[in-house]
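*Asks:* Sharing work17.pdb, PDB, C-alpha atoms:
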ATOM      1  CA  MET N  40      86.185  64.590 100.792  1.00  0.00           C
ATOM      2  CA  GLY N  41      88.816  63.479  98.346  1.00  0.00           C
ATOM      3  CA  ASN N  42      89.199  60.260  96.420  1.00  0.00           C
ATOM      4  CA  PRO N  43      89.524  56.848  98.075  1.00  0.00           C
ATOM      5  CA  MET N  44      92.813  55.729  99.561  1.00  0.00           C
ATOM      6  CA  LYS N  45      94.485  52.541  98.432  1.00  0.00           C
ATOM      7  CA  ILE N  46      95.280  50.524 101.523  1.00  0.00           C
ATOM      8  CA  ARG N  47      96.939  47.121 101.867  1.00  0.00           C
ATOM      9  CA  ALA N  48      97.298  45.351 105.175  1.00  0.00           C
ATOM     10  CA  ARG N  49      99.091  42.009 105.389  1.00  0.00           C
ATOM     11  CA  ALA N  50      99.553  39.871 108.463  1.00  0.00           C
ATOM     12  CA  GLU N  51     102.820  38.008 108.804  1.00  0.00           C
ATOM     13  CA  GLY N  52     102.781  36.096 112.074  1.00  0.00           C
ATOM     14  CA  ASP N  53     101.935  38.571 114.818  1.00  0.00           C
ATOM     15  CA  VAL N  54     102.822  41.666 112.768  1.00  0.00           C
ATOM     16  CA  VAL N  55     100.562  43.516 110.342  1.00  0.00           C
ATOM     17  CA  GLU N  56     102.214  45.649 107.684  1.00  0.00           C
ATOM     18  CA  VAL N  57     100.029  48.484 106.413  1.00  0.00           C
ATOM     19  CA  LYS N  58     100.728  50.384 103.191  1.00  0.00           C
ATOM     20  CA  VAL N  59      98.645  53.428 102.320  1.00  0.00           C
ATOM     21  CA  LEU N  60      98.461  55.536  99.174  1.00  0.00           C
ATOM     22  CA  MET N  61      96.332  58.653  99.559  1.00  0.00           C
ATOM     23  CA  ALA N  62      94.970  60.902  96.819  1.00  0.00           C
ATOM     24  CA  HIS N  63      95.810  64.491  97.722  1.00  0.00           C
ATOM     25  CA  VAL N  64      97.381  67.434  95.892  1.00  0.00           C
ATOM     26  CA  MET N  65      99.623  68.362  98.903  1.00  0.00           C
ATOM     27  CA  GLU N  66     100.059  71.931  97.661  1.00  0.00           C
ATOM     28  CA  THR N  67     102.983  73.606  99.458  1.00  0.00           C
ATOM     29  CA  GLY N  68     101.924  77.250  99.277  1.00  0.00           C
ATOM     30  CA  GLN N  69     105.321  78.009  97.676  1.00  0.00           C
ATOM     31  CA  ARG N  70     104.358  77.493  94.041  1.00  0.00           C
ATOM     32  CA  LYS N  71     103.044  80.136  91.669  1.00  0.00           C
ATOM     33  CA  ASN N  72     100.483  79.766  88.901  1.00  0.00           C
ATOM     34  CA  GLN N  73     101.010  81.035  85.348  1.00  0.00           C
ATOM     35  CA  ALA N  74      99.800  84.509  86.341  1.00  0.00           C
ATOM     36  CA  GLY N  75     102.550  84.640  88.983  1.00  0.00           C
ATOM     37  CA  GLU N  76     100.158  84.362  91.929  1.00  0.00           C
ATOM     38  CA  LEU N  77     100.932  82.065  94.837  1.00  0.00           C
ATOM     39  CA  ILE N  78      98.845  78.901  94.902  1.00  0.00           C
ATOM     40  CA  PRO N  79      97.542  78.614  98.476  1.00  0.00           C
ATOM     41  CA  ALA N  80      98.808  75.760 100.629  1.00  0.00           C
ATOM     42  CA  TRP N  81      96.522  72.739 100.859  1.00  0.00           C
ATOM     43  CA  PHE N  82      97.871  69.627 102.502  1.00  0.00           C
ATOM     44  CA  ILE N  83      97.052  66.737 104.815  1.00  0.00           C
ATOM     45  CA  GLN N  84      97.917  67.742 108.382  1.00  0.00           C
ATOM     46  CA  ARG N  85      96.958  64.689 110.399  1.00  0.00           C
ATOM     47  CA  VAL N  86      96.666  60.986 109.810  1.00  0.00           C
ATOM     48  CA  GLU N  87      95.273  58.428 112.203  1.00  0.00           C
ATOM     49  CA  ALA N  88      95.248  54.656 111.843  1.00  0.00           C
ATOM     50  CA  THR N  89      93.037  52.520 114.053  1.00  0.00           C
ATOM     51  CA  TYR N  90      92.563  48.791 114.599  1.00  0.00           C
ATOM     52  CA  GLY N  91      89.227  48.359 116.359  1.00  0.00           C
ATOM     53  CA  ASP N  92      89.330  50.923 119.174  1.00  0.00           C
ATOM     54  CA  ARG N  93      93.106  50.945 119.254  1.00  0.00           C
ATOM     55  CA  VAL N  94      95.085  53.781 117.642  1.00  0.00           C
ATOM     56  CA  VAL N  95      98.027  52.093 115.907  1.00  0.00           C
ATOM     57  CA  LEU N  96      99.580  55.200 114.339  1.00  0.00           C
ATOM     58  CA  SER N  97      99.043  58.922 114.447  1.00  0.00           C
ATOM     59  CA  ALA N  98     100.996  61.378 112.374  1.00  0.00           C
ATOM     60  CA  GLN N  99     101.286  65.089 111.782  1.00  0.00           C
ATOM     61  CA  TRP N 100     102.381  66.182 108.333  1.00  0.00           C
ATOM     62  CA  GLY N 101     103.605  69.382 106.779  1.00  0.00           C
ATOM     63  CA  PRO N 102     103.454  70.429 103.119  1.00  0.00           C
ATOM     64  CA  ALA N 103     106.780  68.665 102.452  1.00  0.00           C
ATOM     65  CA  ILE N 104     105.090  65.279 102.219  1.00  0.00           C
ATOM     66  CA  SER N 105     104.897  64.355  98.520  1.00  0.00           C
ATOM     67  CA  ALA N 106     101.700  64.687  96.516  1.00  0.00           C
ATOM     68  CA  ASN N 107      99.507  61.577  96.657  1.00  0.00           C
ATOM     69  CA  PRO N 108     101.233  60.534  99.886  1.00  0.00           C
ATOM     70  CA  PHE N 109     102.517  57.031 100.497  1.00  0.00           C
ATOM     71  CA  MET N 110     103.265  55.687 103.951  1.00  0.00           C
ATOM     72  CA  SER N 111     103.801  52.328 105.536  1.00  0.00           C
ATOM     73  CA  PHE N 112     103.996  51.121 109.123  1.00  0.00           C
ATOM     74  CA  LYS N 113     103.762  47.892 111.134  1.00  0.00           C
ATOM     75  CA  PHE N 114     101.890  46.960 114.277  1.00  0.00           C
ATOM     76  CA  LYS N 115     101.634  43.891 116.490  1.00  0.00           C
ATOM     77  CA  GLY N 116      98.506  42.014 117.464  1.00  0.00           C
ATOM     78  CA  GLY N 117      96.405  42.402 114.323  1.00  0.00           C
ATOM     79  CA  ALA N 118      94.420  39.414 113.052  1.00  0.00           C
ATOM     80  CA  LYS N 119      93.598  38.371 109.496  1.00  0.00           C
ATOM     81  CA  GLY N 120      90.008  39.196 108.533  1.00  0.00           C
ATOM     82  CA  GLU N 121      89.843  42.183 110.903  1.00  0.00           C
ATOM     83  CA  LYS N 122      89.860  45.770 109.684  1.00  0.00           C
ATOM     84  CA  VAL N 123      92.383  48.591 109.718  1.00  0.00           C
ATOM     85  CA  ARG N 124      90.960  52.064 109.319  1.00  0.00           C
ATOM     86  CA  ILE N 125      92.886  55.126 108.080  1.00  0.00           C
ATOM     87  CA  ALA N 126      91.674  58.713 108.378  1.00  0.00           C
ATOM     88  CA  TRP N 127      93.245  61.951 107.164  1.00  0.00           C
ATOM     89  CA  PHE N 128      92.411  65.571 107.952  1.00  0.00           C
ATOM     90  CA  ASP N 129      93.675  68.395 105.722  1.00  0.00           C
ATOM     91  CA  SER N 130      94.384  72.112 106.078  1.00  0.00           C
ATOM     92  CA  LYS N 131      91.013  73.056 104.550  1.00  0.00           C
ATOM     93  CA  GLY N 132      89.090  71.020 107.114  1.00  0.00           C
ATOM     94  CA  ASP N 133      88.444  68.222 104.659  1.00  0.00           C
ATOM     95  CA  THR N 134      88.703  64.643 105.857  1.00  0.00           C
ATOM     96  CA  ARG N 135      88.460  61.125 104.519  1.00  0.00           C
ATOM     97  CA  THR N 136      88.286  57.695 106.123  1.00  0.00           C
ATOM     98  CA  ASP N 137      88.849  54.347 104.426  1.00  0.00           C
ATOM     99  CA  GLU N 138      89.303  50.840 105.730  1.00  0.00           C
ATOM    100  CA  VAL N 139      90.713  47.537 104.582  1.00  0.00           C
ATOM    101  CA  ILE N 140      90.502  43.940 105.715  1.00  0.00           C
ATOM    102  CA  ILE N 141      93.799  42.451 106.864  1.00  0.00           C
ATOM    103  CA  ALA N 142      94.938  39.739 104.442  1.00  0.00           C
TER     104      ALA N 142
ATOM    105  CA  MET Q 248      57.593  81.032 103.493  1.00  0.00           C
ATOM    106  CA  GLU Q 249      59.105  79.099 106.340  1.00  0.00           C
ATOM    107  CA  TYR Q 250      58.197  75.678 105.123  1.00  0.00           C
ATOM    108  CA  PRO Q 251      60.767  75.335 102.281  1.00  0.00           C
ATOM    109  CA  ARG Q 252      63.610  76.392 104.590  1.00  0.00           C
ATOM    110  CA  ARG Q 253      62.683  73.963 107.300  1.00  0.00           C
ATOM    111  CA  HIS Q 254      62.374  71.288 104.679  1.00  0.00           C
ATOM    112  CA  PHE Q 255      65.890  72.112 103.467  1.00  0.00           C
ATOM    113  CA  PHE Q 256      67.405  71.785 106.937  1.00  0.00           C
ATOM    114  CA  ILE Q 257      65.701  68.479 107.569  1.00  0.00           C
ATOM    115  CA  LYS Q 258      66.989  67.235 104.233  1.00  0.00           C
ATOM    116  CA  ALA Q 259      70.541  68.450 104.982  1.00  0.00           C
ATOM    117  CA  ALA Q 260      70.536  66.682 108.345  1.00  0.00           C
ATOM    118  CA  GLY Q 261      69.419  63.522 106.616  1.00  0.00           C
ATOM    119  CA  VAL Q 262      72.247  63.749 104.098  1.00  0.00           C
ATOM    120  CA  ILE Q 263      74.855  64.202 106.869  1.00  0.00           C
ATOM    121  CA  ALA Q 264      73.433  61.206 108.726  1.00  0.00           C
ATOM    122  CA  ALA Q 265      73.625  59.188 105.519  1.00  0.00           C
ATOM    123  CA  PHE Q 266      77.282  60.191 105.051  1.00  0.00           C
ATOM    124  CA  ALA Q 267      78.033  59.183 108.642  1.00  0.00           C
ATOM    125  CA  ALA Q 268      76.287  55.844 108.097  1.00  0.00           C
ATOM    126  CA  ALA Q 269      78.346  55.248 104.963  1.00  0.00           C
ATOM    127  CA  GLY Q 270      81.527  55.836 106.946  1.00  0.00           C
ATOM    128  CA  TRP Q 271      82.476  58.996 105.087  1.00  0.00           C
ATOM    129  CA  ILE Q 272      82.164  61.126 108.191  1.00  0.00           C
ATOM    130  CA  ASP Q 273      83.373  59.250 111.212  1.00  0.00           C
ATOM    131  CA  PRO Q 274      82.059  60.665 114.483  1.00  0.00           C
ATOM    132  CA  THR Q 275      84.620  58.704 116.534  1.00  0.00           C
ATOM    133  CA  LEU Q 276      87.530  60.323 114.696  1.00  0.00           C
ATOM    134  CA  ALA Q 277      86.541  63.872 115.581  1.00  0.00           C
ATOM    135  CA  ASP Q 278      89.147  66.533 114.973  1.00  0.00           C
ATOM    136  CA  SER Q 279      90.234  66.753 118.613  1.00  0.00           C
ATOM    137  CA  VAL Q 280      94.009  66.930 118.155  1.00  0.00           C
ATOM    138  CA  GLU Q 281      95.341  70.189 116.804  1.00  0.00           C
ATOM    139  CA  TRP Q 282      97.991  70.366 114.108  1.00  0.00           C
ATOM    140  CA  ASN Q 283     101.221  71.453 115.812  1.00  0.00           C
ATOM    141  CA  LYS Q 284     101.893  74.646 113.848  1.00  0.00           C
ATOM    142  CA  ARG Q 285     104.805  75.671 116.090  1.00  0.00           C
ATOM    143  CA  ALA Q 286     106.642  72.439 115.327  1.00  0.00           C
ATOM    144  CA  PHE Q 287     106.187  72.950 111.587  1.00  0.00           C
ATOM    145  CA  ASP Q 288     107.464  76.544 111.844  1.00  0.00           C
ATOM    146  CA  VAL Q 289     110.880  75.597 113.285  1.00  0.00           C
ATOM    147  CA  LYS Q 290     113.985  76.328 111.219  1.00  0.00           C
ATOM    148  CA  THR Q 291     116.421  73.770 112.686  1.00  0.00           C
ATOM    149  CA  LEU Q 292     116.552  70.326 114.277  1.00  0.00           C
ATOM    150  CA  ASP Q 293     117.765  71.891 117.566  1.00  0.00           C
ATOM    151  CA  GLU Q 294     114.798  74.245 117.599  1.00  0.00           C
ATOM    152  CA  LEU Q 295     112.384  71.325 117.237  1.00  0.00           C
ATOM    153  CA  VAL Q 296     114.117  69.329 119.984  1.00  0.00           C
ATOM    154  CA  GLY Q 297     113.922  72.426 122.213  1.00  0.00           C
ATOM    155  CA  LEU Q 298     110.186  72.620 121.543  1.00  0.00           C
ATOM    156  CA  LEU Q 299     109.668  68.928 122.330  1.00  0.00           C
ATOM    157  CA  GLY Q 300     111.655  69.250 125.572  1.00  0.00           C
ATOM    158  CA  GLY Q 301     114.594  67.414 127.119  1.00  0.00           C
ATOM    159  CA  GLU Q 302     118.299  67.514 126.373  1.00  0.00           C
ATOM    160  CA  PRO Q 303     119.706  68.329 122.928  1.00  0.00           C
ATOM    161  CA  ALA Q 304     119.509  65.440 120.484  1.00  0.00           C
ATOM    162  CA  SER Q 305     122.446  63.054 120.308  1.00  0.00           C
ATOM    163  CA  ILE Q 306     123.536  61.297 117.152  1.00  0.00           C
ATOM    164  CA  SER Q 307     122.729  57.583 117.180  1.00  0.00           C
ATOM    165  CA  GLU Q 308     123.870  54.588 115.162  1.00  0.00           C
ATOM    166  CA  ALA Q 309     120.766  52.705 116.282  1.00  0.00           C
ATOM    167  CA  ILE Q 310     118.619  54.535 113.743  1.00  0.00           C
ATOM    168  CA  HIS Q 311     118.716  52.885 110.346  1.00  0.00           C
ATOM    169  CA  PHE Q 312     117.932  55.456 107.694  1.00  0.00           C
ATOM    170  CA  ASP Q 313     117.396  54.174 104.177  1.00  0.00           C
ATOM    171  CA  ALA Q 314     117.317  56.925 101.554  1.00  0.00           C
ATOM    172  CA  PRO Q 315     118.730  57.473  98.079  1.00  0.00           C
ATOM    173  CA  ASP Q 316     122.126  59.208  97.677  1.00  0.00           C
ATOM    174  CA  ILE Q 317     120.768  61.109  94.703  1.00  0.00           C
ATOM    175  CA  ALA Q 318     117.141  62.079  94.193  1.00  0.00           C
ATOM    176  CA  GLU Q 319     116.481  62.780  90.549  1.00  0.00           C
ATOM    177  CA  ASN Q 320     113.082  64.183  91.386  1.00  0.00           C
ATOM    178  CA  GLY Q 321     112.980  66.282  94.557  1.00  0.00           C
ATOM    179  CA  ALA Q 322     109.187  66.095  94.559  1.00  0.00           C
ATOM    180  CA  VAL Q 323     109.243  62.426  95.554  1.00  0.00           C
ATOM    181  CA  VAL Q 324     112.108  61.224  97.746  1.00  0.00           C
ATOM    182  CA  PRO Q 325     111.383  57.822  99.335  1.00  0.00           C
ATOM    183  CA  LEU Q 326     112.610  57.363 102.919  1.00  0.00           C
ATOM    184  CA  ALA Q 327     112.574  54.377 105.257  1.00  0.00           C
ATOM    185  CA  ILE Q 328     113.458  54.680 108.920  1.00  0.00           C
ATOM    186  CA  VAL Q 329     113.917  51.852 111.412  1.00  0.00           C
ATOM    187  CA  SER Q 330     114.790  52.638 115.012  1.00  0.00           C
ATOM    188  CA  ALA Q 331     116.511  50.083 117.236  1.00  0.00           C
ATOM    189  CA  ILE Q 332     116.347  52.454 120.218  1.00  0.00           C
ATOM    190  CA  PRO Q 333     114.322  50.797 123.011  1.00  0.00           C
ATOM    191  CA  GLY Q 334     111.088  52.585 123.816  1.00  0.00           C
ATOM    192  CA  THR Q 335     110.919  54.578 120.565  1.00  0.00           C
ATOM    193  CA  GLU Q 336     107.794  56.741 120.870  1.00  0.00           C
ATOM    194  CA  SER Q 337     107.985  58.866 117.764  1.00  0.00           C
ATOM    195  CA  ILE Q 338     109.907  59.319 114.534  1.00  0.00           C
ATOM    196  CA  ALA Q 339     110.194  62.683 112.785  1.00  0.00           C
ATOM    197  CA  ILE Q 340     111.608  63.565 109.368  1.00  0.00           C
ATOM    198  CA  LEU Q 341     113.338  66.920 108.856  1.00  0.00           C
ATOM    199  CA  VAL Q 342     114.704  68.376 105.611  1.00  0.00           C
ATOM    200  CA  GLU Q 343     117.391  70.935 106.446  1.00  0.00           C
ATOM    201  CA  LYS Q 344     116.895  73.386 103.575  1.00  0.00           C
ATOM    202  CA  ASN Q 345     113.151  73.164 102.992  1.00  0.00           C
ATOM    203  CA  PRO Q 346     111.017  76.275 103.694  1.00  0.00           C
ATOM    204  CA  ASN Q 347     109.454  74.239 106.524  1.00  0.00           C
ATOM    205  CA  VAL Q 348     112.160  72.035 107.987  1.00  0.00           C
ATOM    206  CA  LEU Q 349     109.841  69.515 109.652  1.00  0.00           C
ATOM    207  CA  ALA Q 350     108.194  67.254 107.080  1.00  0.00           C
ATOM    208  CA  ALA Q 351     106.418  64.733 109.305  1.00  0.00           C
ATOM    209  CA  MET Q 352     106.118  63.449 112.834  1.00  0.00           C
ATOM    210  CA  PHE Q 353     104.840  59.888 113.411  1.00  0.00           C
ATOM    211  CA  THR Q 354     103.650  58.913 116.900  1.00  0.00           C
ATOM    212  CA  LEU Q 355     103.981  55.193 117.572  1.00  0.00           C
ATOM    213  CA  PRO Q 356     101.701  53.829 120.286  1.00  0.00           C
ATOM    214  CA  GLU Q 357     102.593  50.701 122.295  1.00  0.00           C
ATOM    215  CA  GLY Q 358     102.520  47.722 119.930  1.00  0.00           C
ATOM    216  CA  THR Q 359     103.446  49.677 116.805  1.00  0.00           C
ATOM    217  CA  LEU Q 360     106.913  48.861 115.478  1.00  0.00           C
ATOM    218  CA  PRO Q 361     109.484  51.672 115.107  1.00  0.00           C
ATOM    219  CA  GLU Q 362     109.515  51.336 111.317  1.00  0.00           C
ATOM    220  CA  ILE Q 363     108.153  54.017 109.012  1.00  0.00           C
ATOM    221  CA  GLN Q 364     108.216  54.667 105.284  1.00  0.00           C
ATOM    222  CA  ALA Q 365     107.193  57.945 103.671  1.00  0.00           C
ATOM    223  CA  ARG Q 366     107.963  60.134 100.662  1.00  0.00           C
ATOM    224  CA  VAL Q 367     109.013  63.758 101.023  1.00  0.00           C
ATOM    225  CA  LYS Q 368     109.699  66.796  98.874  1.00  0.00           C
ATOM    226  CA  MET Q 369     113.151  68.383  98.870  1.00  0.00           C
ATOM    227  CA  ALA Q 370     113.794  71.912  97.619  1.00  0.00           C
ATOM    228  CA  GLU Q 371     117.536  71.358  97.125  1.00  0.00           C
ATOM    229  CA  THR Q 372     120.508  69.164  98.060  1.00  0.00           C
ATOM    230  CA  CYS Q 373     120.842  69.032 101.860  1.00  0.00           C
ATOM    231  CA  ASN Q 374     120.858  66.884 104.970  1.00  0.00           C
ATOM    232  CA  VAL Q 375     117.741  64.947 105.865  1.00  0.00           C
ATOM    233  CA  TYR Q 376     117.348  63.988 109.514  1.00  0.00           C
ATOM    234  CA  ALA Q 377     115.523  61.116 111.151  1.00  0.00           C
ATOM    235  CA  LEU Q 378     114.722  62.201 114.708  1.00  0.00           C
ATOM    236  CA  VAL Q 379     113.674  59.589 117.259  1.00  0.00           C
ATOM    237  CA  ARG Q 380     112.136  60.345 120.664  1.00  0.00           C
ATOM    238  CA  ALA Q 381     112.456  57.692 123.367  1.00  0.00           C
ATOM    239  CA  GLY Q 382     111.938  58.134 127.099  1.00  0.00           C
ATOM    240  CA  GLY Q 383     111.958  61.925 126.834  1.00  0.00           C
ATOM    241  CA  ARG Q 384     115.296  61.914 124.989  1.00  0.00           C
ATOM    242  CA  SER Q 385     116.048  62.732 121.379  1.00  0.00           C
ATOM    243  CA  PHE Q 386     118.304  60.864 118.965  1.00  0.00           C
ATOM    244  CA  TYR Q 387     118.989  61.500 115.327  1.00  0.00           C
ATOM    245  CA  THR Q 388     120.812  60.390 112.265  1.00  0.00           C
ATOM    246  CA  ALA Q 389     121.530  62.473 109.176  1.00  0.00           C
ATOM    247  CA  LYS Q 390     121.981  61.694 105.521  1.00  0.00           C
ATOM    248  CA  GLU Q 391     122.863  64.047 102.702  1.00  0.00           C
ATOM    249  CA  ILE Q 392     120.640  63.601  99.667  1.00  0.00           C
ATOM    250  CA  LYS Q 393     121.607  65.259  96.400  1.00  0.00           C
ATOM    251  CA  VAL Q 394     118.687  66.704  94.479  1.00  0.00           C
ATOM    252  CA  THR Q 395     118.915  67.085  90.714  1.00  0.00           C
ATOM    253  CA  LEU Q 396     115.508  68.732  90.286  1.00  0.00           C
ATOM    254  CA  GLY Q 397     113.933  70.629  93.177  1.00  0.00           C
ATOM    255  CA  GLY Q 398     110.521  69.610  94.437  1.00  0.00           C
ATOM    256  CA  CYS Q 399     109.273  72.915  95.805  1.00  0.00           C
ATOM    257  CA  GLY Q 400     109.827  75.326  92.911  1.00  0.00           C
ATOM    258  CA  GLY Q 401     107.332  76.927  90.564  1.00  0.00           C
TER     259      GLY Q 401
END
I'd like the structure from this file rewritten - as structure tokens, please.
*Replies:*
Amino acid sequence: MGNPMKIRARAEGDVVEVKVLMAHVMETGQRKNQAGELIPAWFIQRVEATYGDRVVLSAQWGPAISANPFMSFKFKGGAKGEKVRIAWFDSKGDTRTDEVIIA
Amino acid sequence: MEYPRRHFFIKAAGVIAAFAAAGWIDPTLADSVEWNKRAFDVKTLDELVGLLGGEPASISEAIHFDAPDIAENGAVVPLAIVSAIPGTESIAILVEKNPNVLAAMFTLPEGTLPEIQARVKMAETCNVYALVRAGGRSFYTAKEIKVTLGGCGG
């Protein structure tokens, strides 16, 4: 289920800025190991961010997203003290969910 | 002989329930949306726009695309995209000469600002596109990024 994400969410007026750093190898499937064999692809395919019941971002990723992916986005209507939740789903069926309180 | 097995299953169910309670497995975020393999298999921007539907993409000055001119490390190229196109519904990032051209597609629900930052891998020097969908139409802007060290090699 992977290591925890680092998430920061900061409210500035009506807008919440969310920054996420995920821990994932994001293997492309193009690289070879020392024996010359292809290392199978293994990457995050979907990301979903929710605020309460509301989806505030959904994304689909390919293997070209950098290892240990960083992303940031902004949404309106989030309040300090409430939670933002981020979930990812990878190409091996693994998933991880973390949440953070909006500061 | 049956007792140990049954005991195992009951134990396993308990462990899964404990994971769910701890928030590690979230039943509300079930894997209902499929990964769009066809989109990630496209070889060009036009092909992706064709797949998404509507007219061919038009170039737009209303997309602000912040990216380095030279990426010393093609494994980590930071990109920031801000769309000023009204009704922006999604932002996609495409890297022209990568094995898979589409790197990411972000869907922005109502209330989410059309501003995205992400980091991508680049195999070699080429154009990177920011593709915006708004009202069933496609808009893009391109920027050439020079790569000193490829991010997809062995």
*Asks:* So what does the PyMOL selection byres ((chain N and resi 45) around 10) actually pick up in this one, as a VMD selection string?
*Replies:* chain N and resid 42 to 44 46 to 47 58 to 62 109 137 to 139
*Asks:* Using all atoms listed in the file and a cut-off of 7 Å, which residues of chain Q sit close to chain N? Please list them as a list in words.
*Replies:*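 The complete set of qualifying residues is Trp271, Trp282, Phe287, Ala322, Val323, Leu349, Ala350, Ala351, Met352, Phe353, Thr354, Leu355, Pro356, Gly358, Thr359, Leu360, Glu362, Ile363, Gln364, Ala365, Arg366, Val367, Lys368, Cys399, Gly400 and Gly401 of chain Q.
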*Asks:* Give as a compact mmCIF listing (two decimals) with C-alpha atoms, keeping the file's coordinate frame the residues that the PyMOL selection byres ((chain Q and resi 329) around 6) matches when applied to the coordinates above.
*Replies:*
# COMPACT_ATOMS: atom_id res chain seq x y z
CA ILE Q 310 118.62 54.54 113.74
CA HIS Q 311 118.72 52.88 110.35
CA ILE Q 328 113.46 54.68 108.92
CA SER Q 330 114.79 52.64 115.01
CA PRO Q 361 109.48 51.67 115.11
CA GLU Q 362 109.52 51.34 111.32
*Asks:* Expressed in Å to a single decimal, how great is the separation between CA of Ala304 in chain Q and CA of Arg384 in chain Q?
*Replies:*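 These two atoms are separated by 7.1 Å.
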*Asks:* Looking at all atoms listed in the file, which of Q:Ser305, Q:Ser385, Q:Thr291, Q:Thr335 is the one that sits closest to Val348 in chain Q?
*Replies:*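 Closest residue, counting all atoms listed in the file: Q:Thr291.
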*Asks:* Within 12 Å of (120.1, 64.6, 96.3) in the file's own coordinates, which protein, DNA or RNA residues have an atom, counting all atoms listed in the file? List them as a PyMOL selection string.
*Replies:* chain Q and resi 314-325+342+344+368-375+390-398
*Asks:* Rounded to one decimal in Å, what is the spacing between CA of Ala327 in chain Q and CA of Ala118 in chain N?
*Replies:*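 Interatomic distance, CA of Ala327 in chain Q to CA of Ala118 in chain N: 24.8 Å.
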*Asks:* Which one of N:Asp53, N:Gly91, N:Glu76, N:Val64 sits closest to Val123 in chain N if you count only C-alpha atoms?
*Replies:* N:Gly91
*Asks:* Could you tell me how far CA of Asp133 in chain N sits from CA of Leu341 in chain Q, in Å to one decimal place?
*Replies:*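 Calculated distance between CA of Leu341 in chain Q and CA of Asp133 in chain N is 25.3 Å.
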*Asks:* Enumerate, as a PyMOL selection string, the residues matched when the PyMOL selection byres ((chain Q and resi 381) around 9) is run on the file above.
*Replies:* chain Q and resi 332-337+379-380+382-386
